$ cat target.txt   # compact mmCIF, C-alpha atoms
# COMPACT_ATOMS: atom_id res chain seq x y z
CA MET A 1 109.74 201.34 61.34
CA ILE A 2 111.24 198.00 62.34
CA ARG A 3 113.22 195.99 59.85
CA ALA A 4 111.88 192.42 59.75
CA VAL A 5 112.64 189.17 57.92
CA LEU A 6 110.65 185.97 57.46
CA PHE A 7 113.00 183.01 57.82
CA SER A 8 112.31 179.36 57.09
CA PRO A 9 115.17 176.97 57.96
CA VAL A 10 114.72 174.88 54.81
CA ALA A 11 115.83 175.18 51.19
CA ARG A 12 114.22 177.92 49.11
CA ARG A 13 112.07 175.53 47.05
CA LEU A 14 110.74 173.88 50.22
CA ALA A 15 109.93 177.19 51.88
CA HIS A 16 107.91 178.27 48.86
CA SER A 17 106.08 174.93 48.89
CA SER A 18 104.56 175.94 52.24
CA LEU A 19 101.40 178.01 52.10
CA GLY A 20 102.09 179.01 55.69
CA PHE A 21 105.27 180.72 54.50
CA HIS A 22 103.32 182.55 51.77
CA ALA A 23 100.57 183.56 54.19
CA ALA A 24 103.07 184.85 56.75
CA PHE A 25 104.91 186.86 54.10
CA ALA A 26 101.65 188.50 53.03
CA GLY A 27 100.32 189.07 56.54
CA LEU A 28 103.43 190.18 58.43
CA GLY A 29 104.85 192.56 55.82
CA PRO A 30 106.63 194.64 54.91
CA LEU A 31 109.53 192.24 55.35
CA GLU A 32 112.20 190.29 53.49
CA ARG A 33 112.53 186.52 52.99
CA ALA A 34 115.39 184.23 53.94
CA THR A 35 115.85 180.47 53.54
CA LEU A 36 118.75 178.04 53.89
CA PRO A 37 121.58 178.66 51.43
CA ASP A 38 122.89 175.94 49.12
CA ARG A 39 126.12 175.72 51.08
CA PRO A 40 126.95 176.28 54.76
CA VAL A 41 127.20 180.05 54.89
CA PRO A 42 125.06 182.52 56.85
CA PRO A 43 121.54 182.75 55.35
CA ARG A 44 120.98 185.91 53.33
CA THR A 45 117.71 187.45 52.27
CA ILE A 46 116.35 187.03 48.78
CA GLU A 47 115.53 190.71 48.48
CA THR A 48 118.73 192.49 49.56
CA GLY A 49 121.25 189.84 50.61
CA ALA A 50 121.20 190.95 54.25
CA THR A 51 121.97 188.43 57.01
CA LEU A 52 119.58 187.59 59.84
CA SER A 53 121.57 189.67 62.30
CA ASP A 54 120.83 192.82 60.27
CA PHE A 55 117.15 192.79 61.33
CA ASP A 56 115.22 193.99 64.37
CA CYS A 57 112.84 191.04 64.24
CA ILE A 58 113.09 187.53 62.75
CA PHE A 59 109.75 185.85 62.09
CA VAL A 60 110.47 182.11 61.98
CA SER A 61 108.25 179.79 59.93
CA ILE A 62 108.94 176.20 60.98
CA ALA A 63 107.19 172.95 60.09
CA TRP A 64 108.78 170.06 61.98
CA GLU A 65 111.28 169.08 64.63
CA LEU A 66 114.36 168.47 62.49
CA GLU A 67 114.20 172.05 61.20
CA LEU A 68 115.19 173.11 64.71
CA ILE A 69 118.71 171.92 63.92
CA ALA A 70 118.99 174.17 60.88
CA LEU A 71 117.49 177.05 62.84
CA VAL A 72 120.17 176.79 65.53
CA GLN A 73 122.93 176.44 62.93
CA SER A 74 121.65 179.49 61.05
CA LEU A 75 121.43 181.66 64.15
CA ARG A 76 124.96 180.74 65.18
CA ALA A 77 126.27 181.35 61.65
CA CYS A 78 124.83 184.88 61.86
CA GLY A 79 126.30 185.57 65.29
CA ILE A 80 122.93 185.34 67.06
CA GLU A 81 122.69 183.51 70.40
CA PRO A 82 120.22 180.60 69.90
CA ASP A 83 119.48 180.19 73.62
CA ARG A 84 116.63 182.58 74.34
CA SER A 85 117.53 182.90 78.01
CA ARG A 86 121.09 184.01 77.16
CA ARG A 87 120.33 186.15 74.12
CA PRO A 88 121.43 189.80 74.55
CA ALA A 89 118.99 192.63 73.90
CA SER A 90 121.14 193.69 70.95
CA ASP A 91 120.19 190.51 69.06
CA PRO A 92 117.01 190.42 66.96
CA LEU A 93 113.67 189.46 68.49
CA LEU A 94 112.58 185.97 67.36
CA VAL A 95 108.86 185.25 66.87
CA ALA A 96 107.98 181.76 65.64
CA GLY A 97 104.97 180.00 64.17
CA GLY A 98 104.08 177.15 61.86
CA PRO A 99 102.98 173.49 61.93
CA LEU A 100 105.57 172.52 64.57
CA THR A 101 103.56 174.52 67.12
CA LEU A 102 100.77 171.92 66.85
CA SER A 103 103.00 169.14 68.19
CA ASN A 104 105.67 170.78 70.36
CA PRO A 105 105.45 174.56 70.79
CA GLU A 106 107.51 174.38 74.02
CA ALA A 107 110.53 173.20 72.02
CA LEU A 108 110.52 176.53 70.20
CA GLY A 109 110.23 178.34 73.52
CA GLY A 110 113.87 177.57 74.30
CA LEU A 111 114.99 179.34 71.11
CA CYS A 112 112.40 182.00 70.33
CA ASP A 113 111.13 184.96 72.33
CA ALA A 114 107.51 184.32 71.35
CA VAL A 115 105.68 181.42 69.72
CA PHE A 116 102.25 181.63 68.09
CA VAL A 117 100.51 178.28 68.54
CA GLY A 118 98.22 177.19 65.71
CA GLU A 119 96.90 179.06 62.67
CA ALA A 120 97.88 182.74 62.69
CA ASP A 121 95.88 183.84 59.60
CA ALA A 122 93.61 186.19 61.58
CA TRP A 123 96.42 187.55 63.76
CA PHE A 124 99.28 188.43 61.43
CA SER A 125 98.60 192.17 61.48
CA GLU A 126 98.29 192.21 65.28
CA ILE A 127 101.58 190.32 65.63
CA ARG A 128 103.33 192.80 63.35
CA SER A 129 101.80 195.76 65.20
CA ALA A 130 102.78 194.40 68.61
CA VAL A 131 106.41 194.31 67.51
CA ALA A 132 106.43 197.50 65.41
CA GLU A 133 104.71 199.71 67.98
CA ALA A 134 106.70 198.54 71.01
CA THR A 135 109.04 201.00 72.69
CA SER A 136 111.39 198.30 73.96
CA ARG A 137 111.97 194.55 73.88
CA PRO A 138 110.05 194.00 77.16
CA ASP A 139 107.21 196.10 75.78
CA ALA A 140 107.12 194.00 72.61
CA LEU A 141 106.95 190.78 74.64
CA GLU A 142 104.20 192.19 76.83
CA ARG A 143 102.14 193.21 73.77
CA LEU A 144 102.68 189.84 72.13
CA SER A 145 101.68 187.97 75.31
CA ARG A 146 98.19 189.52 75.14
CA LEU A 147 97.41 187.88 71.79
CA PRO A 148 95.40 184.63 71.72
CA GLY A 149 97.62 181.62 71.06
CA MET A 150 100.85 183.46 71.82
CA PHE A 151 103.37 181.75 74.13
CA VAL A 152 105.96 184.14 75.60
CA PRO A 153 108.26 182.13 77.90
CA ALA A 154 109.75 185.21 79.59
CA ILE A 155 106.25 186.19 80.75
CA HIS A 156 104.30 182.95 80.94
CA GLY A 157 107.20 180.97 82.40
CA ALA A 158 109.75 178.86 80.52
CA GLU A 159 108.40 175.64 82.05
CA SER A 160 104.76 176.49 81.40
CA ASP A 161 102.61 174.69 78.86
CA ALA A 162 101.84 176.65 75.72
CA PRO A 163 98.25 177.80 75.16
CA ALA A 164 95.75 175.84 73.08
CA ALA A 165 96.21 176.05 69.33
CA VAL A 166 94.26 178.78 67.53
CA CYS A 167 92.00 177.57 64.74
CA ALA A 168 91.34 179.93 61.81
CA SER A 169 87.79 180.29 60.55
CA ARG A 170 86.77 179.70 56.94
CA ASP A 171 86.68 183.49 56.52
CA HIS A 172 90.49 183.51 56.49
CA LEU A 173 90.86 180.69 53.96
CA PRO A 174 92.21 179.82 51.49
CA ALA A 175 95.91 180.47 51.70
CA HIS A 176 97.62 180.64 48.32
CA SER A 177 100.89 181.49 46.64
CA VAL A 178 101.97 185.09 47.13
CA LYS A 179 105.44 185.06 45.59
CA THR A 180 104.91 183.50 42.18
CA GLY A 181 107.68 182.30 39.91
CA GLU A 182 109.49 180.63 42.80
CA PRO A 183 110.63 176.98 42.58
CA ASN A 184 108.67 174.53 44.71
CA VAL A 185 108.18 170.79 45.07
CA PHE A 186 105.08 171.02 42.86
CA GLY A 187 107.10 171.96 39.79
CA GLY A 188 106.68 175.69 40.29
CA ALA A 189 102.87 175.42 40.38
CA PHE A 190 100.69 178.18 41.78
CA LEU A 191 99.50 176.72 45.08
CA VAL A 192 96.04 177.16 46.54
CA GLU A 193 94.49 175.61 49.61
CA VAL A 194 91.24 173.68 49.10
CA GLY A 195 90.78 172.87 52.76
CA ARG A 196 92.38 172.81 56.17
CA GLY A 197 92.27 170.15 58.87
CA CYS A 198 91.10 166.59 58.25
CA PRO A 199 87.84 164.71 58.88
CA ARG A 200 89.71 161.42 59.44
CA GLY A 201 90.91 159.94 62.71
CA CYS A 202 94.33 158.40 62.01
CA THR A 203 95.91 157.94 65.42
CA PHE A 204 99.42 159.02 64.37
CA CYS A 205 98.51 162.34 62.76
CA VAL A 206 98.72 165.77 64.40
CA VAL A 207 96.31 167.22 61.81
CA ARG A 208 93.51 165.05 63.21
CA CYS A 209 93.41 167.25 66.33
CA ALA A 210 89.81 167.99 67.35
CA ARG A 211 90.70 171.65 67.83
CA ARG A 212 91.33 171.91 64.08
CA PRO A 213 88.22 170.50 62.36
CA ALA A 214 88.09 170.02 58.60
CA ARG A 215 87.19 173.23 56.78
CA PHE A 216 86.74 172.96 53.02
CA VAL A 217 86.78 175.98 50.70
CA GLY A 218 84.11 176.38 48.04
CA PRO A 219 85.08 176.02 44.35
CA ALA A 220 84.36 179.67 43.50
CA GLN A 221 86.60 180.86 46.32
CA VAL A 222 89.42 178.50 45.31
CA LEU A 223 89.23 179.46 41.63
CA SER A 224 89.06 183.19 42.35
CA CYS A 225 92.52 183.06 43.98
CA ILE A 226 94.24 181.69 40.87
CA PRO A 227 95.80 184.23 38.49
CA ALA A 228 94.63 184.02 34.89
CA ASP A 229 98.18 183.47 33.64
CA SER A 230 98.96 180.52 35.96
CA THR A 231 99.11 177.39 33.83
CA ARG A 232 100.13 174.87 36.52
CA ILE A 233 98.08 174.63 39.70
CA GLY A 234 98.80 172.72 42.91
CA LEU A 235 95.79 171.92 45.10
CA VAL A 236 96.96 171.72 48.71
CA GLY A 237 95.48 170.45 51.97
CA ALA A 238 95.65 167.62 54.47
CA ALA A 239 92.57 165.99 52.94
CA VAL A 240 92.34 167.23 49.35
CA SER A 241 90.58 164.14 48.04
CA ASP A 242 87.91 164.45 50.76
CA HIS A 243 86.77 167.81 49.37
CA PRO A 244 83.08 167.29 48.55
CA ARG A 245 83.33 169.33 45.33
CA LEU A 246 86.83 168.44 44.18
CA LEU A 247 85.61 167.21 40.79
CA GLN A 248 84.00 170.58 40.15
CA ILE A 249 87.28 172.36 40.91
CA LEU A 250 89.21 169.98 38.66
CA ASP A 251 86.69 170.34 35.83
CA ALA A 252 87.06 174.12 35.88
CA LEU A 253 90.86 173.95 35.83
CA VAL A 254 91.26 171.17 33.27
CA SER A 255 88.66 172.59 30.90
CA ASP A 256 90.61 175.85 31.00
CA GLY A 257 93.71 174.00 29.79
CA ARG A 258 95.56 174.12 33.11
CA ARG A 259 97.83 171.42 34.48
CA VAL A 260 96.93 170.21 37.96
CA THR A 261 98.90 168.46 40.68
CA LEU A 262 97.95 167.22 44.15
CA SER A 263 100.04 166.34 47.20
CA SER A 264 98.38 162.94 47.74
CA VAL A 265 95.06 161.15 47.34
CA ARG A 266 93.35 158.68 49.66
CA ALA A 267 93.29 155.34 47.91
CA ASP A 268 89.59 154.80 48.62
CA ARG A 269 88.79 158.10 46.86
CA VAL A 270 90.48 157.18 43.55
CA THR A 271 87.46 156.81 41.28
CA ASP A 272 87.42 156.69 37.49
CA ASP A 273 86.06 160.26 37.47
CA LEU A 274 88.86 161.57 39.69
CA ALA A 275 91.68 159.68 37.97
CA SER A 276 90.56 160.68 34.48
CA ARG A 277 90.47 164.35 35.44
CA LEU A 278 93.88 164.16 37.05
CA ALA A 279 95.30 162.44 33.96
CA ARG A 280 93.77 165.11 31.70
CA GLY A 281 95.37 167.69 33.99
CA GLY A 282 98.79 166.19 33.30
CA LEU A 283 99.32 164.11 36.45
CA LYS A 284 101.88 161.39 35.69
CA THR A 285 102.38 159.84 39.13
CA LEU A 286 99.62 159.17 41.65
CA THR A 287 100.63 159.48 45.32
CA ILE A 288 98.75 157.37 47.84
CA ALA A 289 99.43 156.28 51.43
CA ALA A 290 99.09 152.88 52.99
CA ASP A 291 100.94 154.09 56.10
CA GLY A 292 100.62 150.84 58.07
CA VAL A 293 102.36 147.91 56.40
CA SER A 294 99.52 145.41 56.96
CA GLU A 295 95.76 145.22 57.31
CA SER A 296 95.97 144.74 61.07
CA VAL A 297 98.41 147.65 61.56
CA ARG A 298 96.29 149.96 59.40
CA ALA A 299 93.24 149.00 61.44
CA ALA A 300 95.09 149.72 64.70
CA LEU A 301 96.14 153.13 63.32
CA ARG A 302 92.53 153.80 62.24
CA LYS A 303 93.75 154.52 58.74
CA GLY A 304 90.58 153.19 57.12
CA ILE A 305 92.45 151.91 54.05
CA ARG A 306 92.61 148.25 53.01
CA ALA A 307 94.82 146.49 50.49
CA GLU A 308 91.90 146.24 48.07
CA HIS A 309 91.61 150.05 48.05
CA LEU A 310 95.29 150.40 47.18
CA ILE A 311 95.15 147.75 44.45
CA GLN A 312 92.01 149.26 42.93
CA ALA A 313 93.55 152.74 43.02
CA ALA A 314 96.51 151.45 41.00
CA VAL A 315 94.24 149.72 38.48
CA THR A 316 92.10 152.85 38.09
CA ALA A 317 95.15 155.08 37.72
CA ARG A 318 96.61 152.84 35.01
CA SER A 319 93.37 152.72 33.04
CA SER A 320 93.22 156.53 33.14
CA GLY A 321 96.70 156.91 31.67
CA ILE A 322 98.62 157.68 34.86
CA ARG A 323 102.08 156.13 34.53
CA GLY A 324 103.40 155.59 38.03
CA LEU A 325 102.60 155.25 41.69
CA ARG A 326 104.24 156.68 44.82
CA LEU A 327 103.35 154.82 48.00
CA TYR A 328 103.91 156.05 51.56
CA LEU A 329 104.61 153.38 54.19
CA MET A 330 105.46 153.63 57.89
CA ILE A 331 107.36 151.10 59.95
CA GLY A 332 107.60 150.85 63.71
CA ALA A 333 103.90 151.05 64.65
CA PRO A 334 103.13 149.82 68.19
CA THR A 335 101.42 146.58 67.08
CA GLU A 336 103.74 145.81 64.17
CA THR A 337 105.45 142.40 63.81
CA ASP A 338 107.93 140.88 61.37
CA GLU A 339 105.01 139.17 59.63
CA ASP A 340 103.38 142.56 59.05
CA ILE A 341 106.57 143.72 57.29
CA LEU A 342 106.39 140.77 54.91
CA GLU A 343 102.72 141.51 54.23
CA GLY A 344 103.68 145.07 53.34
CA ALA A 345 106.30 143.82 50.91
CA ARG A 346 103.74 141.55 49.23
CA LEU A 347 101.44 144.52 48.80
CA VAL A 348 104.22 146.54 47.16
CA ARG A 349 104.96 143.70 44.74
CA ASP A 350 101.26 143.42 43.89
CA LEU A 351 101.10 147.15 43.17
CA ALA A 352 104.30 147.03 41.12
CA ALA A 353 102.69 144.39 38.88
CA ILE A 354 100.16 147.07 37.92
CA LEU A 355 102.27 150.27 37.75
CA PRO A 356 105.88 151.23 38.43
CA VAL A 357 106.10 151.99 42.16
CA THR A 358 108.35 154.17 44.30
CA VAL A 359 107.99 153.47 48.01
CA SER A 360 108.76 156.16 50.59
CA VAL A 361 109.31 154.57 54.01
CA SER A 362 109.31 156.54 57.26
CA PRO A 363 109.66 155.31 60.84
CA LEU A 364 106.61 156.18 62.92
CA VAL A 365 107.37 158.98 65.38
CA PRO A 366 104.66 159.17 68.09
CA LYS A 367 103.75 162.86 68.45
CA ARG A 368 102.20 164.84 71.26
CA PHE A 369 98.49 165.63 71.08
CA THR A 370 97.77 162.37 69.24
CA PRO A 371 96.41 159.06 70.61
CA LEU A 372 99.91 157.59 70.19
CA GLU A 373 101.53 160.27 72.34
CA HIS A 374 102.49 157.85 75.12
CA GLU A 375 103.58 154.98 72.88
CA PRO A 376 107.33 154.24 72.76
CA PHE A 377 109.53 154.85 69.74
CA ALA A 378 110.32 151.49 68.14
CA GLY A 379 114.08 152.00 68.47
CA VAL A 380 116.90 152.16 65.94
CA PRO A 381 117.93 148.45 66.02
CA VAL A 382 114.35 147.26 65.45
CA LEU A 383 113.74 149.79 62.70
CA ARG A 384 116.98 148.94 60.91
CA ARG A 385 116.16 145.25 60.99
CA ARG A 386 112.62 145.77 59.72
CA LEU A 387 113.72 148.19 57.02
CA ALA A 388 116.30 145.68 55.80
CA ALA A 389 113.66 142.93 55.80
CA LEU A 390 111.26 145.13 53.86
CA ARG A 391 113.88 146.00 51.24
CA LYS A 392 114.88 142.35 50.86
CA ALA A 393 111.29 141.15 50.52
CA ILE A 394 110.45 143.84 47.95
CA GLY A 395 113.59 143.02 46.01
CA GLY A 396 113.75 144.70 42.62
CA ALA A 397 110.00 145.10 42.30
CA ALA A 398 110.04 148.76 43.38
CA ARG A 399 112.40 151.57 44.25
CA VAL A 400 112.57 152.13 48.01
CA ALA A 401 113.58 155.44 49.63
CA ALA A 402 113.68 155.51 53.42
CA VAL A 403 114.19 157.97 56.26
CA SER A 404 117.12 156.92 58.44
CA PRO A 405 116.05 155.31 61.75
CA ARG A 406 118.75 157.36 63.49
CA VAL A 407 117.29 160.58 62.06
CA ALA A 408 113.81 159.47 63.11
CA GLU A 409 115.10 158.85 66.64
CA LEU A 410 116.42 162.41 66.79
CA GLU A 411 113.05 163.69 65.56
CA TRP A 412 111.34 161.68 68.33
CA ARG A 413 113.64 163.07 71.01
CA LEU A 414 113.12 166.62 69.75
CA SER A 415 109.36 166.05 69.67
CA ARG A 416 109.48 165.51 73.46
CA ALA A 417 112.03 168.20 74.31
CA ARG A 418 111.18 171.43 76.06
CA GLY A 419 113.10 174.69 76.20
CA PRO A 420 116.85 174.29 76.85
CA GLU A 421 116.63 170.51 76.28
CA VAL A 422 116.46 171.25 72.55
CA LEU A 423 119.92 172.82 72.54
CA ARG A 424 121.36 170.03 74.67
CA LEU A 425 120.01 167.40 72.29
CA MET A 426 121.31 169.19 69.22
CA ASP A 427 124.65 170.37 70.49
CA LEU A 428 126.72 167.58 68.94
CA ARG A 429 124.93 168.16 65.63
CA THR A 430 125.27 171.92 65.54
CA ARG A 431 128.76 172.71 66.77

$ encode --input "target.txt" --output "structure tokens"
Amino acid sequence: MIRAVLFSPVARRLAHSSLGFHAAFAGLGPLERATLPDRPVPPRTIETGATLSDFDCIFVSIAWELELIALVQSLRACGIEPDRSRRPASDPLLVAGGPLTLSNPEALGGLCDAVFVGEADAWFSEIRSAVAEATSRPDALERLSRLPGMFVPAIHGAESDAPAAVCASRDHLPAHSVKTGEPNVFGGAFLVEVGRGCPRGCTFCVVRCARRPARFVGPAQVLSCIPADSTRIGLVGAAVSDHPRLLQILDALVSDGRRVTLSSVRADRVTDDLASRLARGGLKTLTIAADGVSESVRAALRKGIRAEHLIQAAVTARSSGIRGLRLYLMIGAPTETDEDILEGARLVRDLAAILPVTVSVSPLVPKRFTPLEHEPFAGVPVLRRRLAALRKAIGGAARVAAVSPRVAELEWRLSRARGPEVLRLMDLRTR
């Protein structure tokens, strides 16, 4: 029997906030779990304290480009060669999957021996069997290469495009927490998926991909996954508030005395009925996204949200007893001007007159497989200037937390990188 580990190059609480991590742990087992340690030492498994180099196979669960940096650092800290083409046969086999494969699977191909592109729910057991039953490393790669959605650079060619993303059917949903009692960003809540994909068409979003249509899970199926002793529940999905029977799910949970939390809610879906149920379920802060800073930018991004939706969402939340608002904004959209930035600041001040507001600002990073794929990155000088203008115009009306433009630039470069380019881009960061 092979000895395998599931590794996510993020902190433990973030790894256990990902239903993909939970699903992989359940589907690829038996195996151990490893995440980033609190200080820069080699990652060790939660179960036995073993390092990554102690295993025959490392299954890598990875969500976005900047996690590639931590992956390379972790491999080097464990004495494992991160460059797939130079990795000796004595090192563990690396098989990757996760949300990053929807935007740049070829980036992982420079580090990992095999990359599953898309949703692996129906294929976990076959992936495990391909590795466990192989008589050698080449045999394992050959077996893996036969699976739908699997990109094996050594067989398919390092410069080849990865296959189309696999889309799981409703029969394999919902994903839910497997390892309970773990910290997560939802306050330790038991997490359950209410849907996958998104029916919207925002031009900047990878989830909008036509190959991954919205699939909502029925209330009975969602509720049946939740253990009777779980008192705090996190409802997860890219479009939770678009679920056609969300109120029914909330009614069942709240009437049973459970506390409920959501990742975010579309502002135009915040009705009195929804807000009152969320408040009864213990929600203190409502999270909504404007994304574009102005009406014209939001229209160009096909966000489908107007300022009036955001204002009304805040008013409805306040009247329901919700105490605060978290607002997501993006800067650096292709059509954005300095006037748009000032309009965004006015919107924040208007919202802050209704409820206390925390604003999370991120530079827009155009991703592959989206309509913005060929748009340029705004650039660090422009983003710094606009972020400073936004902060100044908001003043003390709201707390502003922002992603560094320099970090966003690195994310953009990694989002375009293929194979060995990833290591070249990261080398100054990782050595």

$ atom_distance --input "target.txt" --atom1 "CA of Thr271 (chain A)" --atom2 "CA of Val254 (chain A)"
16.9 Å

$ atom_distance --input "target.txt" --atom1 "CA of Ser18 (chain A)" --atom2 "CA of Lys179 (chain A)"
11.3 Å

$ atom_distance --input "target.txt" --atom1 "CA of Pro371 (chain A)" --atom2 "CA of Ala96 (chain A)"
26.0 Å

$ closest_atom_pairs --input "target.txt" --of "region 244-358 of chain A" --to "region 215-225 of chain A" --cutoff "10 Å" --atoms "all atoms listed in the file" --output "tab-separated table"
residue	atom	partner	partner_atom	distance
A:Pro244	CA	A:Phe216	CA	8.1
A:Arg245	CA	A:Pro219	CA	7.0
A:Leu246	CA	A:Pro219	CA	7.8
A:Leu247	CA	A:Pro219	CA	9.5
A:Gln248	CA	A:Pro219	CA	7.0
A:Ile249	CA	A:Pro219	CA	5.5
A:Leu250	CA	A:Pro219	CA	9.3
A:Ala252	CA	A:Leu223	CA	8.1
A:Leu253	CA	A:Leu223	CA	8.2

$ residues_around --input "target.txt" --residues "region 61-65 of chain A" --least-positions-apart "6" --cutoff "10 Å" --atoms "all atoms listed in the file" --output "PyMOL selection string"
chain A and resi 6-10+15+18+20-22+24-25+35+71+95-104+107-108+410-417+422

$ residues_around --input "target.txt" --residues "Pro40 (chain A)" --least-positions-apart "4" --cutoff "12 Å" --atoms "all atoms listed in the file" --output "list in words"
Ala11, Thr35, Leu36, Arg44, Ala70, Gln73, Ser74, Arg76, Ala77, Cys78 and Thr430 of chain A

$ write_last_selection --input "target.txt" --atoms "C-alpha atoms" --output "PDB file, in the coordinates of the input"
ATOM      1  CA  ALA A  11     115.830 175.180  51.190  1.00  0.00           C
ATOM      2  CA  THR A  35     115.850 180.470  53.540  1.00  0.00           C
ATOM      3  CA  LEU A  36     118.750 178.040  53.890  1.00  0.00           C
ATOM      4  CA  ARG A  44     120.980 185.910  53.330  1.00  0.00           C
ATOM      5  CA  ALA A  70     118.990 174.170  60.880  1.00  0.00           C
ATOM      6  CA  GLN A  73     122.930 176.440  62.930  1.00  0.00           C
ATOM      7  CA  SER A  74     121.650 179.490  61.050  1.00  0.00           C
ATOM      8  CA  ARG A  76     124.960 180.740  65.180  1.00  0.00           C
ATOM      9  CA  ALA A  77     126.270 181.350  61.650  1.00  0.00           C
ATOM     10  CA  CYS A  78     124.830 184.880  61.860  1.00  0.00           C
ATOM     11  CA  THR A 430     125.270 171.920  65.540  1.00  0.00           C
TER      12      THR A 430
END

$ closest_residue --input "target.txt" --among "A:Arg128, A:His243, A:Arg346, A:Lys367" --to "Ile2 (chain A)" --atoms "all atoms listed in the file"
A:Arg128

$ residues_near_point --input "target.txt" --point "(105.5, 158.0, 63.6)" --cutoff "12 Å" --atoms "all atoms listed in the file" --output "PyMOL selection string"
chain A and resi 202-206+291-292+301+329-334+361-368+370-379+383+403+405+408-409+411-412+415

$ closest_residue --input "target.txt" --among "A:Ala275, A:Val382, A:Leu66, A:Leu19" --to "Val192 (chain A)" --atoms "all atoms listed in the file"
A:Leu19

$ residues_around --input "target.txt" --residues "His172 (chain A)" --least-positions-apart "6" --cutoff "10 Å" --atoms "only C-alpha atoms" --output "MDAnalysis selection string"
chainID A and resid 119:122

$ closest_residue --input "target.txt" --among "A:Asp338, A:Leu141, A:Lys392, A:Ala317" --to "Pro356 (chain A)" --atoms "all atoms listed in the file"
A:Ala317

$ residues_near_point --input "target.txt" --point "(103.7, 194.5, 69.8)" --cutoff "6 Å" --atoms "only C-alpha atoms" --output "mmCIF file with C-alpha atoms, keeping the file's coordinate frame"
data_model
loop_
_atom_site.group_PDB
_atom_site.id
_atom_site.type_symbol
_atom_site.label_atom_id
_atom_site.label_comp_id
_atom_site.auth_asym_id
_atom_site.auth_seq_id
_atom_site.Cartn_x
_atom_site.Cartn_y
_atom_site.Cartn_z
ATOM 1 C CA SER A 129 101.800 195.760 65.200
ATOM 2 C CA ALA A 130 102.780 194.400 68.610
ATOM 3 C CA VAL A 131 106.410 194.310 67.510
ATOM 4 C CA ALA A 132 106.430 197.500 65.410
ATOM 5 C CA GLU A 133 104.710 199.710 67.980
ATOM 6 C CA ALA A 134 106.700 198.540 71.010
ATOM 7 C CA ALA A 140 107.120 194.000 72.610
ATOM 8 C CA ARG A 143 102.140 193.210 73.770
ATOM 9 C CA LEU A 144 102.680 189.840 72.130
#

$ closest_residue --input "target.txt" --among "A:Arg258, A:Arg13, A:Arg170, A:Arg280" --to "Ala228 (chain A)" --atoms "all atoms listed in the file"
A:Arg258

$ closest_residue --input "target.txt" --among "A:Arg399, A:Arg39, A:Arg384, A:His156" --to "Ser360 (chain A)" --atoms "all atoms listed in the file"
A:Arg399

$ closest_residue --input "target.txt" --among "A:Pro82, A:Pro43, A:Gly197, A:Gly282" --to "Gly257 (chain A)" --atoms "only C-alpha atoms"
A:Gly282

$ build_atoms --input "target.txt" --residues "region 267-278 of chain A" --atoms "N, CA and C atoms" --output "PDB file, in the frame of the given file"
ATOM      1  N   ALA A 267      93.491 156.411  48.871  1.00  0.00           N
ATOM      2  CA  ALA A 267      93.290 155.340  47.910  1.00  0.00           C
ATOM      3  C   ALA A 267      91.813 155.018  47.700  1.00  0.00           C
ATOM      4  N   ASP A 268      91.005 155.129  48.758  1.00  0.00           N
ATOM      5  CA  ASP A 268      89.590 154.800  48.620  1.00  0.00           C
ATOM      6  C   ASP A 268      88.782 155.916  47.959  1.00  0.00           C
ATOM      7  N   ARG A 269      89.463 157.002  47.584  1.00  0.00           N
ATOM      8  CA  ARG A 269      88.790 158.100  46.860  1.00  0.00           C
ATOM      9  C   ARG A 269      89.177 158.131  45.377  1.00  0.00           C
ATOM     10  N   VAL A 270      90.009 157.191  44.947  1.00  0.00           N
ATOM     11  CA  VAL A 270      90.480 157.180  43.550  1.00  0.00           C
ATOM     12  C   VAL A 270      89.413 156.494  42.685  1.00  0.00           C
ATOM     13  N   THR A 271      88.496 157.297  42.184  1.00  0.00           N
ATOM     14  CA  THR A 271      87.460 156.810  41.280  1.00  0.00           C
ATOM     15  C   THR A 271      87.894 157.034  39.836  1.00  0.00           C
ATOM     16  N   ASP A 272      87.152 156.439  38.912  1.00  0.00           N
ATOM     17  CA  ASP A 272      87.420 156.690  37.490  1.00  0.00           C
ATOM     18  C   ASP A 272      87.293 158.176  37.179  1.00  0.00           C
ATOM     19  N   ASP A 273      86.268 158.829  37.739  1.00  0.00           N
ATOM     20  CA  ASP A 273      86.060 160.260  37.470  1.00  0.00           C
ATOM     21  C   ASP A 273      87.240 161.089  37.949  1.00  0.00           C
ATOM     22  N   LEU A 274      87.739 160.788  39.156  1.00  0.00           N
ATOM     23  CA  LEU A 274      88.860 161.570  39.690  1.00  0.00           C
ATOM     24  C   LEU A 274      90.129 161.290  38.900  1.00  0.00           C
ATOM     25  N   ALA A 275      90.438 160.027  38.669  1.00  0.00           N
ATOM     26  CA  ALA A 275      91.680 159.680  37.970  1.00  0.00           C
ATOM     27  C   ALA A 275      91.702 160.226  36.560  1.00  0.00           C
ATOM     28  N   SER A 276      90.592 160.180  35.863  1.00  0.00           N
ATOM     29  CA  SER A 276      90.560 160.680  34.480  1.00  0.00           C
ATOM     30  C   SER A 276      90.801 162.180  34.436  1.00  0.00           C
ATOM     31  N   ARG A 277      90.255 162.892  35.405  1.00  0.00           N
ATOM     32  CA  ARG A 277      90.470 164.350  35.440  1.00  0.00           C
ATOM     33  C   ARG A 277      91.926 164.671  35.774  1.00  0.00           C
ATOM     34  N   LEU A 278      92.487 163.926  36.710  1.00  0.00           N
ATOM     35  CA  LEU A 278      93.880 164.160  37.050  1.00  0.00           C
ATOM     36  C   LEU A 278      94.797 163.857  35.870  1.00  0.00           C
TER      37      LEU A 278
END
